[in-house]
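One structure below.
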Amino acid sequence: MRIVELPEILDALDEAAALAAVEDGFRRLHRGGVQLAEVAHLNFEHPPGDCHVKGGYIAGDDVFVFKFATSFYRNPEQGLSSSNGCMIVVSAKTGEQLAMLKDQGILTDTRTAMAGAIAARAIVRPGSKILGVVGTGIQAKMQGEMIARLLGLDEILVCGRSPDKALALANDLGGEAVDLAELCARADLIVTTTPSTSPVLTADIVRPGTRIVAVGADTPGKQELETALTAKARLIVDSAVQCAHHGEAGWPIRAGQIAPETLVELGALLENPVAFPDDEIVVADLTGVAVQDIAIAKTVWERLAN
């Protein structure tokens, strides 16, 4: 098995190719052409963190991929990244482990940001100009950069629990640090990137027509959006099964306020785009699906193997 370290991975990572592969992966998932392993989760309290293992196979591929990823949210206090992990590329013909991509969580973070941008592009209201970023961590920065760049948004607002961190991120993004009420009042599109277990965005402060990309609820118990908010929004999900189990969509489903059948998978929306009413709140609930890991790992491995 070839061990590939981060510098070599970054050299082989082509953003345009990976972005196209991730989007195609969502389409293939919706068509039923992807076999996904059941997600394994571990949650930690002291210090707070989580671990998940995801894997899958796209029909017809020469390889399949398993990903091991961790997030420990106080790591930056020790000078460490909050993300870590690796991806294993395996032959779908012999079962041979071809490569371990020791990406230190970078590929996971990148494919997550790409999914956010893909979802944002699919739900954004025409004429939108202002992006609101809730959170100040790795995903806040990556989502803010990628969504604003790919959608051509003119202005970025940042809100976080720490005013100093919010200001620092706003400076990095060329934006403005604001409180949550102002962010919701001004932003056309909001991306939430926190590991919160209690709602950050509530129904009373999100105005009609707002589009939201929620990426924080990726393990059981997390919730960034109030149930009253998701219950009245149009819900677009990366995976209907995963989101009903541990995404934002699961909260109104368990409360009996919406039916699972109302969830629309992102792959379906990409196949058949919808012009949402201007006053409709649309939420893209992204729990992170193994097809994203397969897609980005494949694009890296194909360049390394040639």
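Chains: A, B, ... in order of the structure tokens. Residues: from 1 per chain. Ligands: from 1, in order shown.
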
Could I get the residues of stretch 60-136 of chain A with an atom no further than 12 Å from an atom of stretch 40-52 of chain A, each paired with its nearest atom pair and that distance in Å to one decimal, using only C-alpha atoms, sorted by chain and residue number, as a tab-separated table?
residue	atom	partner	partner_atom	distance
A:Phe66	CA	A:His52	CA	10.7
A:Lys67	CA	A:His52	CA	8.2
A:Phe68	CA	A:His52	CA	6.1
A:Ala69	CA	A:His52	CA	5.6
A:Thr70	CA	A:Cys51	CA	4.3
A:Ser71	CA	A:Gly49	CA	5.3
A:Phe72	CA	A:Gly49	CA	4.0
A:Tyr73	CA	A:Gly49	CA	5.9
A:Arg74	CA	A:Pro47	CA	7.0
A:Asn75	CA	A:Pro47	CA	9.0
A:Glu77	CA	A:Pro47	CA	11.5
A:Ser82	CA	A:Gly49	CA	8.7
A:Ser83	CA	A:Gly49	CA	9.7
A:Asn84	CA	A:Cys51	CA	9.4
A:Gly85	CA	A:Cys51	CA	9.1
A:Cys86	CA	A:His52	CA	11.3
A:Met87	CA	A:His52	CA	12.0
A:Gly105	CA	A:Cys51	CA	11.4
A:Thr108	CA	A:His52	CA	11.2

Requested write-out: N, CA and C atoms of the selected residues, as a short mmCIF file (atom, residue, chain, number, x, y, z; two decimals), in the first residue's frame:
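And here is the file that came out, selection30.cif:
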data_model
loop_
_atom_site.label_atom_id
_atom_site.label_comp_id
_atom_site.auth_asym_id
_atom_site.auth_seq_id
_atom_site.Cartn_x
_atom_site.Cartn_y
_atom_site.Cartn_z
N PHE A 66 -12.70 4.36 1.82
CA PHE A 66 -13.15 4.54 3.20
C PHE A 66 -12.38 5.70 3.81
N LYS A 67 -13.10 6.50 4.60
CA LYS A 67 -12.51 7.69 5.20
C LYS A 67 -12.68 7.66 6.72
N PHE A 68 -11.60 8.00 7.43
CA PHE A 68 -11.59 8.12 8.89
C PHE A 68 -11.32 9.58 9.20
N ALA A 69 -12.22 10.23 9.93
CA ALA A 69 -12.05 11.66 10.21
C ALA A 69 -12.40 11.99 11.65
N THR A 70 -11.63 12.91 12.22
CA THR A 70 -11.91 13.39 13.58
C THR A 70 -12.00 14.91 13.60
N SER A 71 -12.78 15.41 14.56
CA SER A 71 -12.88 16.84 14.81
C SER A 71 -12.84 17.05 16.32
N PHE A 72 -11.79 17.71 16.78
CA PHE A 72 -11.68 18.04 18.21
C PHE A 72 -11.54 19.56 18.31
N TYR A 73 -12.59 20.18 18.87
CA TYR A 73 -12.82 21.60 18.68
C TYR A 73 -11.91 22.51 19.51
N ARG A 74 -11.24 21.96 20.50
CA ARG A 74 -10.33 22.78 21.30
C ARG A 74 -8.87 22.62 20.88
N ASN A 75 -8.64 21.87 19.83
CA ASN A 75 -7.27 21.67 19.35
C ASN A 75 -6.54 22.98 19.04
N GLU A 77 -6.44 25.62 20.57
CA GLU A 77 -5.85 26.16 21.80
C GLU A 77 -4.47 25.56 22.06
N SER A 82 -8.26 21.49 14.23
CA SER A 82 -9.40 20.78 14.82
C SER A 82 -9.77 19.56 13.99
N SER A 83 -9.29 19.48 12.75
CA SER A 83 -9.60 18.36 11.86
C SER A 83 -8.39 17.45 11.66
N ASN A 84 -8.68 16.15 11.48
CA ASN A 84 -7.63 15.21 11.15
C ASN A 84 -8.26 14.01 10.48
N GLY A 85 -7.42 13.13 9.93
CA GLY A 85 -7.96 11.93 9.33
C GLY A 85 -7.16 11.45 8.13
N CYS A 86 -7.70 10.42 7.48
CA CYS A 86 -7.06 9.86 6.29
C CYS A 86 -8.12 9.16 5.45
N MET A 87 -7.77 8.86 4.21
CA MET A 87 -8.65 8.13 3.31
C MET A 87 -7.91 6.93 2.75
N GLY A 105 -7.14 15.51 7.30
CA GLY A 105 -8.46 16.13 7.32
C GLY A 105 -8.68 17.15 6.22
N THR A 108 -11.26 16.04 3.56
CA THR A 108 -12.61 16.11 4.12
C THR A 108 -13.09 17.55 4.21
#

Considering only C-alpha atoms, tabulate each residue of stretch 91-191 of chain A that lies at most 12 Å from stretch 54-57 of chain A along with its nearest interatomic pair and the corresponding distance in Å to one decimal; arrange the rows by chain and ascending residue number and present them as a tab-separated table.
residue	atom	partner	partner_atom	distance
A:Ser91	CA	A:Tyr57	CA	10.4
A:Ala92	CA	A:Tyr57	CA	8.2
A:Lys93	CA	A:Tyr57	CA	11.8
A:Thr108	CA	A:Lys54	CA	10.8

Show which residues sit within 12 Å of A:Thr194, as a VMD selection string. Count only C-alpha atoms, and ignore same-chain residues fewer than 6 positions away. chain A and resid 71 73 133 to 141 143 159 to 161 200 to 201 213 to 219 222 to 225

Which residues are close to stretch 206-212 of chain A, i.e. within 8 Å by only C-alpha atoms, leaving aside same-chain residues fewer than 6 positions away? Reply as a list of chain:residue names. A:Ala120, A:Ile123, A:Val124, A:Arg125, A:Cys184, A:Ala185, A:Ala187, A:Asp188, A:Leu189, A:Ile190, A:Val191, A:Thr192, A:Pro277, A:Asp278, A:Asp279, A:Glu280, A:Ile281, A:Val282, A:Val283, A:Ala284

Dump as a short mmCIF file (atom, residue, chain, number, x, y, z; two decimals), in the first residue's frame, selection limited to all heavy atoms:
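Wrote it out as selection-v5.cif, contents follow:
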data_model
loop_
_atom_site.label_atom_id
_atom_site.label_comp_id
_atom_site.auth_asym_id
_atom_site.auth_seq_id
_atom_site.Cartn_x
_atom_site.Cartn_y
_atom_site.Cartn_z
N ALA A 120 -25.20 25.76 -2.35
CA ALA A 120 -25.51 27.18 -2.40
C ALA A 120 -25.89 27.61 -3.80
O ALA A 120 -26.85 28.36 -4.02
CB ALA A 120 -24.32 28.00 -1.88
N ILE A 123 -29.48 26.55 -4.66
CA ILE A 123 -30.64 27.13 -3.97
C ILE A 123 -30.64 28.65 -3.93
O ILE A 123 -31.64 29.26 -3.55
CB ILE A 123 -30.75 26.60 -2.53
CG1 ILE A 123 -29.60 27.11 -1.65
CG2 ILE A 123 -30.84 25.07 -2.50
CD1 ILE A 123 -29.76 26.79 -0.15
N VAL A 124 -29.53 29.29 -4.29
CA VAL A 124 -29.40 30.73 -4.12
C VAL A 124 -30.47 31.48 -4.91
O VAL A 124 -30.85 31.09 -6.02
CB VAL A 124 -27.99 31.21 -4.53
CG1 VAL A 124 -27.79 31.11 -6.04
CG2 VAL A 124 -27.72 32.62 -4.03
N ARG A 125 -30.97 32.55 -4.33
CA ARG A 125 -31.96 33.38 -5.00
C ARG A 125 -31.27 34.29 -6.02
O ARG A 125 -30.25 34.90 -5.70
CB ARG A 125 -32.70 34.24 -3.96
CG ARG A 125 -33.94 34.94 -4.49
CD ARG A 125 -34.69 35.67 -3.39
NE ARG A 125 -33.90 36.77 -2.85
CZ ARG A 125 -33.38 36.80 -1.64
NH1 ARG A 125 -33.57 35.77 -0.82
NH2 ARG A 125 -32.67 37.84 -1.23
N CYS A 184 -28.59 38.15 9.95
CA CYS A 184 -29.84 37.61 9.40
C CYS A 184 -30.65 38.68 8.68
O CYS A 184 -31.36 38.38 7.72
CB CYS A 184 -30.66 36.98 10.52
SG CYS A 184 -29.97 35.45 11.19
N ALA A 185 -30.53 39.91 9.12
CA ALA A 185 -31.28 41.00 8.49
C ALA A 185 -30.71 41.37 7.13
O ALA A 185 -31.45 41.83 6.25
CB ALA A 185 -31.28 42.21 9.41
N ALA A 187 -28.09 39.33 5.19
CA ALA A 187 -27.57 38.28 4.31
C ALA A 187 -28.66 37.66 3.45
O ALA A 187 -29.76 37.36 3.92
CB ALA A 187 -26.87 37.20 5.13
N ASP A 188 -28.35 37.46 2.18
CA ASP A 188 -29.24 36.75 1.26
C ASP A 188 -29.08 35.23 1.41
O ASP A 188 -30.03 34.47 1.27
CB ASP A 188 -28.93 37.14 -0.18
CG ASP A 188 -29.05 38.63 -0.42
OD1 ASP A 188 -30.14 39.18 -0.20
OD2 ASP A 188 -28.04 39.25 -0.82
N LEU A 189 -27.84 34.83 1.67
CA LEU A 189 -27.48 33.42 1.81
C LEU A 189 -26.65 33.28 3.08
O LEU A 189 -25.73 34.06 3.32
CB LEU A 189 -26.66 32.97 0.60
CG LEU A 189 -26.02 31.59 0.63
CD1 LEU A 189 -27.09 30.51 0.55
CD2 LEU A 189 -25.03 31.42 -0.52
N ILE A 190 -27.01 32.31 3.92
CA ILE A 190 -26.30 32.09 5.18
C ILE A 190 -25.74 30.68 5.19
O ILE A 190 -26.44 29.72 4.85
CB ILE A 190 -27.24 32.28 6.39
CG1 ILE A 190 -27.80 33.70 6.43
CG2 ILE A 190 -26.50 31.97 7.70
CD1 ILE A 190 -28.88 33.91 7.49
N VAL A 191 -24.48 30.55 5.60
CA VAL A 191 -23.89 29.23 5.81
C VAL A 191 -23.55 29.09 7.28
O VAL A 191 -22.91 29.97 7.87
CB VAL A 191 -22.65 28.99 4.91
CG1 VAL A 191 -21.59 30.05 5.12
CG2 VAL A 191 -22.08 27.60 5.14
N THR A 192 -24.04 28.01 7.91
CA THR A 192 -23.78 27.77 9.33
C THR A 192 -22.76 26.65 9.45
O THR A 192 -22.90 25.59 8.82
CB THR A 192 -25.06 27.40 10.08
OG1 THR A 192 -25.65 26.22 9.50
CG2 THR A 192 -26.08 28.54 10.01
N PRO A 277 -39.71 30.08 -4.99
CA PRO A 277 -40.32 31.40 -4.80
C PRO A 277 -39.38 32.33 -4.03
O PRO A 277 -38.66 31.89 -3.14
CB PRO A 277 -41.58 31.08 -3.99
CG PRO A 277 -41.90 29.66 -4.32
CD PRO A 277 -40.56 28.99 -4.50
N ASP A 278 -39.40 33.61 -4.38
CA ASP A 278 -38.48 34.58 -3.77
C ASP A 278 -38.64 34.67 -2.26
O ASP A 278 -37.69 35.01 -1.56
CB ASP A 278 -38.68 35.96 -4.40
CG ASP A 278 -38.08 36.05 -5.79
OD1 ASP A 278 -37.31 35.15 -6.16
OD2 ASP A 278 -38.38 37.03 -6.50
N ASP A 279 -39.85 34.40 -1.75
CA ASP A 279 -40.08 34.55 -0.31
C ASP A 279 -39.96 33.24 0.46
O ASP A 279 -40.24 33.18 1.66
CB ASP A 279 -41.45 35.18 -0.05
CG ASP A 279 -42.61 34.31 -0.56
OD1 ASP A 279 -42.34 33.31 -1.28
OD2 ASP A 279 -43.77 34.63 -0.25
N GLU A 280 -39.51 32.19 -0.22
CA GLU A 280 -39.41 30.89 0.44
C GLU A 280 -38.06 30.72 1.11
O GLU A 280 -37.01 31.02 0.53
CB GLU A 280 -39.62 29.76 -0.56
CG GLU A 280 -39.67 28.38 0.08
CD GLU A 280 -40.12 27.30 -0.88
OE1 GLU A 280 -39.83 27.40 -2.09
OE2 GLU A 280 -40.76 26.34 -0.42
N ILE A 281 -38.06 30.25 2.36
CA ILE A 281 -36.83 29.89 3.04
C ILE A 281 -36.43 28.49 2.57
O ILE A 281 -37.22 27.55 2.65
CB ILE A 281 -37.01 29.90 4.57
CG1 ILE A 281 -37.33 31.31 5.06
CG2 ILE A 281 -35.74 29.38 5.27
CD1 ILE A 281 -37.70 31.38 6.54
N VAL A 282 -35.22 28.39 2.06
CA VAL A 282 -34.73 27.10 1.56
C VAL A 282 -33.47 26.74 2.35
O VAL A 282 -32.55 27.54 2.46
CB VAL A 282 -34.41 27.15 0.05
CG1 VAL A 282 -33.96 25.77 -0.44
CG2 VAL A 282 -35.62 27.63 -0.74
N VAL A 283 -33.45 25.54 2.90
CA VAL A 283 -32.33 25.06 3.71
C VAL A 283 -31.68 23.86 3.01
O VAL A 283 -32.37 22.89 2.66
CB VAL A 283 -32.78 24.63 5.12
CG1 VAL A 283 -31.63 23.94 5.87
CG2 VAL A 283 -33.28 25.84 5.90
N ALA A 284 -30.38 23.93 2.80
CA ALA A 284 -29.61 22.78 2.33
C ALA A 284 -28.97 22.14 3.56
O ALA A 284 -28.10 22.74 4.20
CB ALA A 284 -28.56 23.19 1.33
#

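Taking only C-alpha atoms, the non-local environment of A:Val178 within 8 Å (same-chain residues fewer than 3 positions away omitted) comprises A:Leu157, A:Val158, A:Cys159, A:Glu182, A:Leu183.
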
Would you return as number ranges by chain the members of stretch 49-127 of chain A that DSSP assigns to strand (DSSP E or B) on this structure's backbone? A: 49-58, 63-72, 83-91, 97-101

For the selection just defined, write its residues with N, CA and C atoms to a file, as an mmCIF file, in the first residue's frame.
data_model
loop_
_atom_site.group_PDB
_atom_site.id
_atom_site.type_symbol
_atom_site.label_atom_id
_atom_site.label_comp_id
_atom_site.auth_asym_id
_atom_site.auth_seq_id
_atom_site.Cartn_x
_atom_site.Cartn_y
_atom_site.Cartn_z
ATOM 1 N N GLY A 49 -15.387 16.601 21.010
ATOM 2 C CA GLY A 49 -14.931 16.185 19.686
ATOM 3 C C GLY A 49 -15.790 15.062 19.149
ATOM 4 N N ASP A 50 -15.502 14.641 17.945
ATOM 5 C CA ASP A 50 -16.217 13.515 17.366
ATOM 6 C C ASP A 50 -15.338 12.821 16.333
ATOM 7 N N CYS A 51 -15.716 11.614 16.024
ATOM 8 C CA CYS A 51 -15.023 10.806 15.022
ATOM 9 C C CYS A 51 -16.074 10.131 14.166
ATOM 10 N N HIS A 52 -15.843 10.069 12.868
ATOM 11 C CA HIS A 52 -16.747 9.300 12.024
ATOM 12 C C HIS A 52 -15.978 8.575 10.937
ATOM 13 N N VAL A 53 -16.541 7.450 10.547
ATOM 14 C CA VAL A 53 -15.969 6.622 9.489
ATOM 15 C C VAL A 53 -17.034 6.463 8.409
ATOM 16 N N LYS A 54 -16.667 6.808 7.177
ATOM 17 C CA LYS A 54 -17.606 6.718 6.063
ATOM 18 C C LYS A 54 -16.928 5.997 4.909
ATOM 19 N N GLY A 55 -17.713 5.273 4.151
ATOM 20 C CA GLY A 55 -17.145 4.566 3.010
ATOM 21 C C GLY A 55 -18.194 4.257 1.979
ATOM 22 N N GLY A 56 -17.736 3.993 0.759
ATOM 23 C CA GLY A 56 -18.696 3.652 -0.277
ATOM 24 C C GLY A 56 -18.050 3.319 -1.601
ATOM 25 N N TYR A 57 -18.909 2.975 -2.543
ATOM 26 C CA TYR A 57 -18.470 2.520 -3.865
ATOM 27 C C TYR A 57 -19.442 3.040 -4.915
ATOM 28 N N ILE A 58 -18.905 3.680 -5.942
ATOM 29 C CA ILE A 58 -19.708 4.115 -7.077
ATOM 30 C C ILE A 58 -19.669 3.012 -8.124
ATOM 31 N N VAL A 63 -12.124 1.510 -8.015
ATOM 32 C CA VAL A 63 -11.746 1.594 -6.611
ATOM 33 C C VAL A 63 -12.955 1.948 -5.763
ATOM 34 N N PHE A 64 -12.838 1.661 -4.460
ATOM 35 C CA PHE A 64 -13.775 2.213 -3.491
ATOM 36 C C PHE A 64 -12.963 2.863 -2.383
ATOM 37 N N VAL A 65 -13.622 3.642 -1.537
ATOM 38 C CA VAL A 65 -12.914 4.495 -0.581
ATOM 39 C C VAL A 65 -13.563 4.425 0.797
ATOM 40 N N PHE A 66 -12.703 4.360 1.825
ATOM 41 C CA PHE A 66 -13.146 4.537 3.203
ATOM 42 C C PHE A 66 -12.378 5.701 3.809
ATOM 43 N N LYS A 67 -13.104 6.499 4.598
ATOM 44 C CA LYS A 67 -12.513 7.694 5.199
ATOM 45 C C LYS A 67 -12.678 7.664 6.720
ATOM 46 N N PHE A 68 -11.600 7.998 7.425
ATOM 47 C CA PHE A 68 -11.594 8.118 8.887
ATOM 48 C C PHE A 68 -11.320 9.584 9.199
ATOM 49 N N ALA A 69 -12.223 10.232 9.933
ATOM 50 C CA ALA A 69 -12.050 11.664 10.205
ATOM 51 C C ALA A 69 -12.395 11.991 11.647
ATOM 52 N N THR A 70 -11.632 12.915 12.221
ATOM 53 C CA THR A 70 -11.908 13.389 13.576
ATOM 54 C C THR A 70 -12.002 14.907 13.597
ATOM 55 N N SER A 71 -12.784 15.406 14.557
ATOM 56 C CA SER A 71 -12.878 16.843 14.808
ATOM 57 C C SER A 71 -12.836 17.052 16.321
ATOM 58 N N PHE A 72 -11.795 17.710 16.785
ATOM 59 C CA PHE A 72 -11.678 18.044 18.210
ATOM 60 C C PHE A 72 -11.538 19.559 18.308
ATOM 61 N N SER A 83 -9.286 19.480 12.751
ATOM 62 C CA SER A 83 -9.603 18.356 11.861
ATOM 63 C C SER A 83 -8.393 17.451 11.659
ATOM 64 N N ASN A 84 -8.677 16.153 11.484
ATOM 65 C CA ASN A 84 -7.626 15.215 11.147
ATOM 66 C C ASN A 84 -8.263 14.005 10.477
ATOM 67 N N GLY A 85 -7.417 13.131 9.934
ATOM 68 C CA GLY A 85 -7.960 11.927 9.326
ATOM 69 C C GLY A 85 -7.165 11.448 8.133
ATOM 70 N N CYS A 86 -7.699 10.423 7.477
ATOM 71 C CA CYS A 86 -7.064 9.858 6.287
ATOM 72 C C CYS A 86 -8.123 9.159 5.453
ATOM 73 N N MET A 87 -7.769 8.863 4.210
ATOM 74 C CA MET A 87 -8.652 8.130 3.308
ATOM 75 C C MET A 87 -7.905 6.927 2.746
ATOM 76 N N ILE A 88 -8.601 5.803 2.641
ATOM 77 C CA ILE A 88 -8.021 4.575 2.117
ATOM 78 C C ILE A 88 -8.656 4.268 0.761
ATOM 79 N N VAL A 89 -7.825 4.163 -0.262
ATOM 80 C CA VAL A 89 -8.284 3.824 -1.609
ATOM 81 C C VAL A 89 -8.042 2.336 -1.825
ATOM 82 N N VAL A 90 -9.097 1.606 -2.192
ATOM 83 C CA VAL A 90 -9.038 0.145 -2.280
ATOM 84 C C VAL A 90 -9.468 -0.308 -3.671
ATOM 85 N N SER A 91 -8.785 -1.300 -4.217
ATOM 86 C CA SER A 91 -9.165 -1.855 -5.512
ATOM 87 C C SER A 91 -10.524 -2.538 -5.402
ATOM 88 N N GLN A 97 -5.529 -2.876 -0.820
ATOM 89 C CA GLN A 97 -5.461 -1.490 -0.365
ATOM 90 C C GLN A 97 -4.360 -0.783 -1.160
ATOM 91 N N LEU A 98 -4.770 0.097 -2.034
ATOM 92 C CA LEU A 98 -3.836 0.721 -2.955
ATOM 93 C C LEU A 98 -3.088 1.889 -2.323
ATOM 94 N N ALA A 99 -3.785 2.680 -1.532
ATOM 95 C CA ALA A 99 -3.146 3.881 -0.991
ATOM 96 C C ALA A 99 -3.827 4.355 0.275
ATOM 97 N N MET A 100 -3.024 4.898 1.174
ATOM 98 C CA MET A 100 -3.535 5.663 2.301
ATOM 99 C C MET A 100 -3.196 7.123 2.041
ATOM 100 N N LEU A 101 -4.229 7.935 1.879
ATOM 101 C CA LEU A 101 -4.035 9.366 1.676
ATOM 102 C C LEU A 101 -4.057 10.031 3.051
#

Sorted per-residue table, stretch 193-282 of chain A near stretch 10-24 of chain A, closest atoms and distance, 10 Å, only C-alpha atoms, as a tab-separated table:
residue	atom	partner	partner_atom	distance
A:Leu266	CA	A:Glu23	CA	9.2
A:Gly267	CA	A:Glu23	CA	7.9
A:Leu270	CA	A:Glu23	CA	8.1
A:Glu271	CA	A:Asp24	CA	9.9

Writer output for current selection, all heavy atoms, as a PDB file, in the first residue's frame:
ATOM      1  N   LEU A 266     -30.166  16.612  -2.828  1.00  0.00           N
ATOM      2  CA  LEU A 266     -29.407  17.559  -3.635  1.00  0.00           C
ATOM      3  C   LEU A 266     -29.181  17.023  -5.046  1.00  0.00           C
ATOM      4  O   LEU A 266     -29.258  17.775  -6.021  1.00  0.00           O
ATOM      5  CB  LEU A 266     -28.070  17.858  -2.947  1.00  0.00           C
ATOM      6  CG  LEU A 266     -27.114  18.804  -3.669  1.00  0.00           C
ATOM      7  CD1 LEU A 266     -27.765  20.149  -3.964  1.00  0.00           C
ATOM      8  CD2 LEU A 266     -25.834  18.990  -2.847  1.00  0.00           C
ATOM      9  N   GLY A 267     -28.912  15.733  -5.158  1.00  0.00           N
ATOM     10  CA  GLY A 267     -28.714  15.143  -6.476  1.00  0.00           C
ATOM     11  C   GLY A 267     -29.930  15.300  -7.365  1.00  0.00           C
ATOM     12  O   GLY A 267     -29.807  15.538  -8.568  1.00  0.00           O
ATOM     13  N   LEU A 270     -30.025  18.895  -8.529  1.00  0.00           N
ATOM     14  CA  LEU A 270     -29.032  19.129  -9.575  1.00  0.00           C
ATOM     15  C   LEU A 270     -29.506  18.575 -10.914  1.00  0.00           C
ATOM     16  O   LEU A 270     -29.243  19.151 -11.963  1.00  0.00           O
ATOM     17  CB  LEU A 270     -27.702  18.491  -9.176  1.00  0.00           C
ATOM     18  CG  LEU A 270     -27.005  19.094  -7.946  1.00  0.00           C
ATOM     19  CD1 LEU A 270     -25.796  18.243  -7.548  1.00  0.00           C
ATOM     20  CD2 LEU A 270     -26.578  20.531  -8.197  1.00  0.00           C
ATOM     21  N   GLU A 271     -30.216  17.446 -10.866  1.00  0.00           N
ATOM     22  CA  GLU A 271     -30.742  16.855 -12.092  1.00  0.00           C
ATOM     23  C   GLU A 271     -31.893  17.678 -12.663  1.00  0.00           C
ATOM     24  O   GLU A 271     -32.024  17.820 -13.876  1.00  0.00           O
ATOM     25  CB  GLU A 271     -31.246  15.429 -11.810  1.00  0.00           C
ATOM     26  CG  GLU A 271     -30.158  14.441 -11.450  1.00  0.00           C
ATOM     27  CD  GLU A 271     -29.499  13.842 -12.668  1.00  0.00           C
ATOM     28  OE1 GLU A 271     -28.696  14.542 -13.315  1.00  0.00           O
ATOM     29  OE2 GLU A 271     -29.778  12.666 -12.974  1.00  0.00           O
TER      30      GLU A 271
END

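For the residues A:Leu153, A:Ile258, A:Leu229, A:Ala117, ranking by smallest atom-to-atom distance to A:Leu286 using only C-alpha atoms places A:Ala117 first.
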
Could you name the residues that touch A:Gly152 at 10 Å or less, counting only C-alpha atoms, but leaving out those on the same chain fewer than 6 positions away, as an NGL selection string? :A and (128-130 or 146)

Expected file: the selected residues, all heavy atoms, as a compact mmCIF listing (two decimals), in the first residue's frame:
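Saved file result.txt follows:
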# COMPACT_ATOMS: atom_id res chain seq x y z
N SER A 128 -28.78 37.60 -5.49
CA SER A 128 -28.19 37.62 -4.15
C SER A 128 -26.78 38.20 -4.20
O SER A 128 -26.02 37.93 -5.12
CB SER A 128 -28.14 36.21 -3.57
OG SER A 128 -29.45 35.72 -3.35
N LYS A 129 -26.45 38.99 -3.18
CA LYS A 129 -25.14 39.65 -3.14
C LYS A 129 -24.40 39.46 -1.82
O LYS A 129 -23.18 39.59 -1.78
CB LYS A 129 -25.32 41.15 -3.40
CG LYS A 129 -25.86 41.49 -4.77
CD LYS A 129 -25.97 42.98 -4.96
CE LYS A 129 -26.47 43.32 -6.36
NZ LYS A 129 -26.60 44.80 -6.55
N ILE A 130 -25.12 39.16 -0.74
CA ILE A 130 -24.49 39.15 0.58
C ILE A 130 -24.51 37.75 1.17
O ILE A 130 -25.57 37.12 1.28
CB ILE A 130 -25.19 40.14 1.53
CG1 ILE A 130 -25.16 41.55 0.95
CG2 ILE A 130 -24.52 40.12 2.91
CD1 ILE A 130 -25.91 42.58 1.79
N MET A 146 -15.03 29.81 -0.60
CA MET A 146 -15.45 29.10 -1.81
C MET A 146 -16.81 29.55 -2.30
O MET A 146 -17.02 29.75 -3.50
CB MET A 146 -15.42 27.59 -1.57
CG MET A 146 -15.60 26.79 -2.85
SD MET A 146 -15.24 25.02 -2.66
CE MET A 146 -13.47 25.05 -2.41

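Nearest to A:Thr94 of all the residues A:Val264, A:Pro126, A:Asp62, A:Thr110 is A:Asp62, based on only C-alpha atoms.
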
A:Ala122, A:Ile147, A:Ala177, A:Ala115: which is nearest A:Val291, counting only C-alpha atoms? A:Ala115

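Between atom CA of A:Ala240 and atom CA of A:Gly144 the separation is 25.3 Å.
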
Going by DSSP on the backbone, which residues of stretch 25-157 of chain A come out as helix (DSSP H, G or I)? List them as number ranges by chain. A: 25-31, 75-78, 106-123, 138-151

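For the residues A:Ala244, A:Leu173, A:Val300, A:Val237, ranking by smallest atom-to-atom distance to A:Gly116 using only C-alpha atoms places A:Val237 first.
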
Just the number, please: distance in Å from atom CA of A:Arg254 to atom CA of A:Ile236, one decimal. 17.1 Å
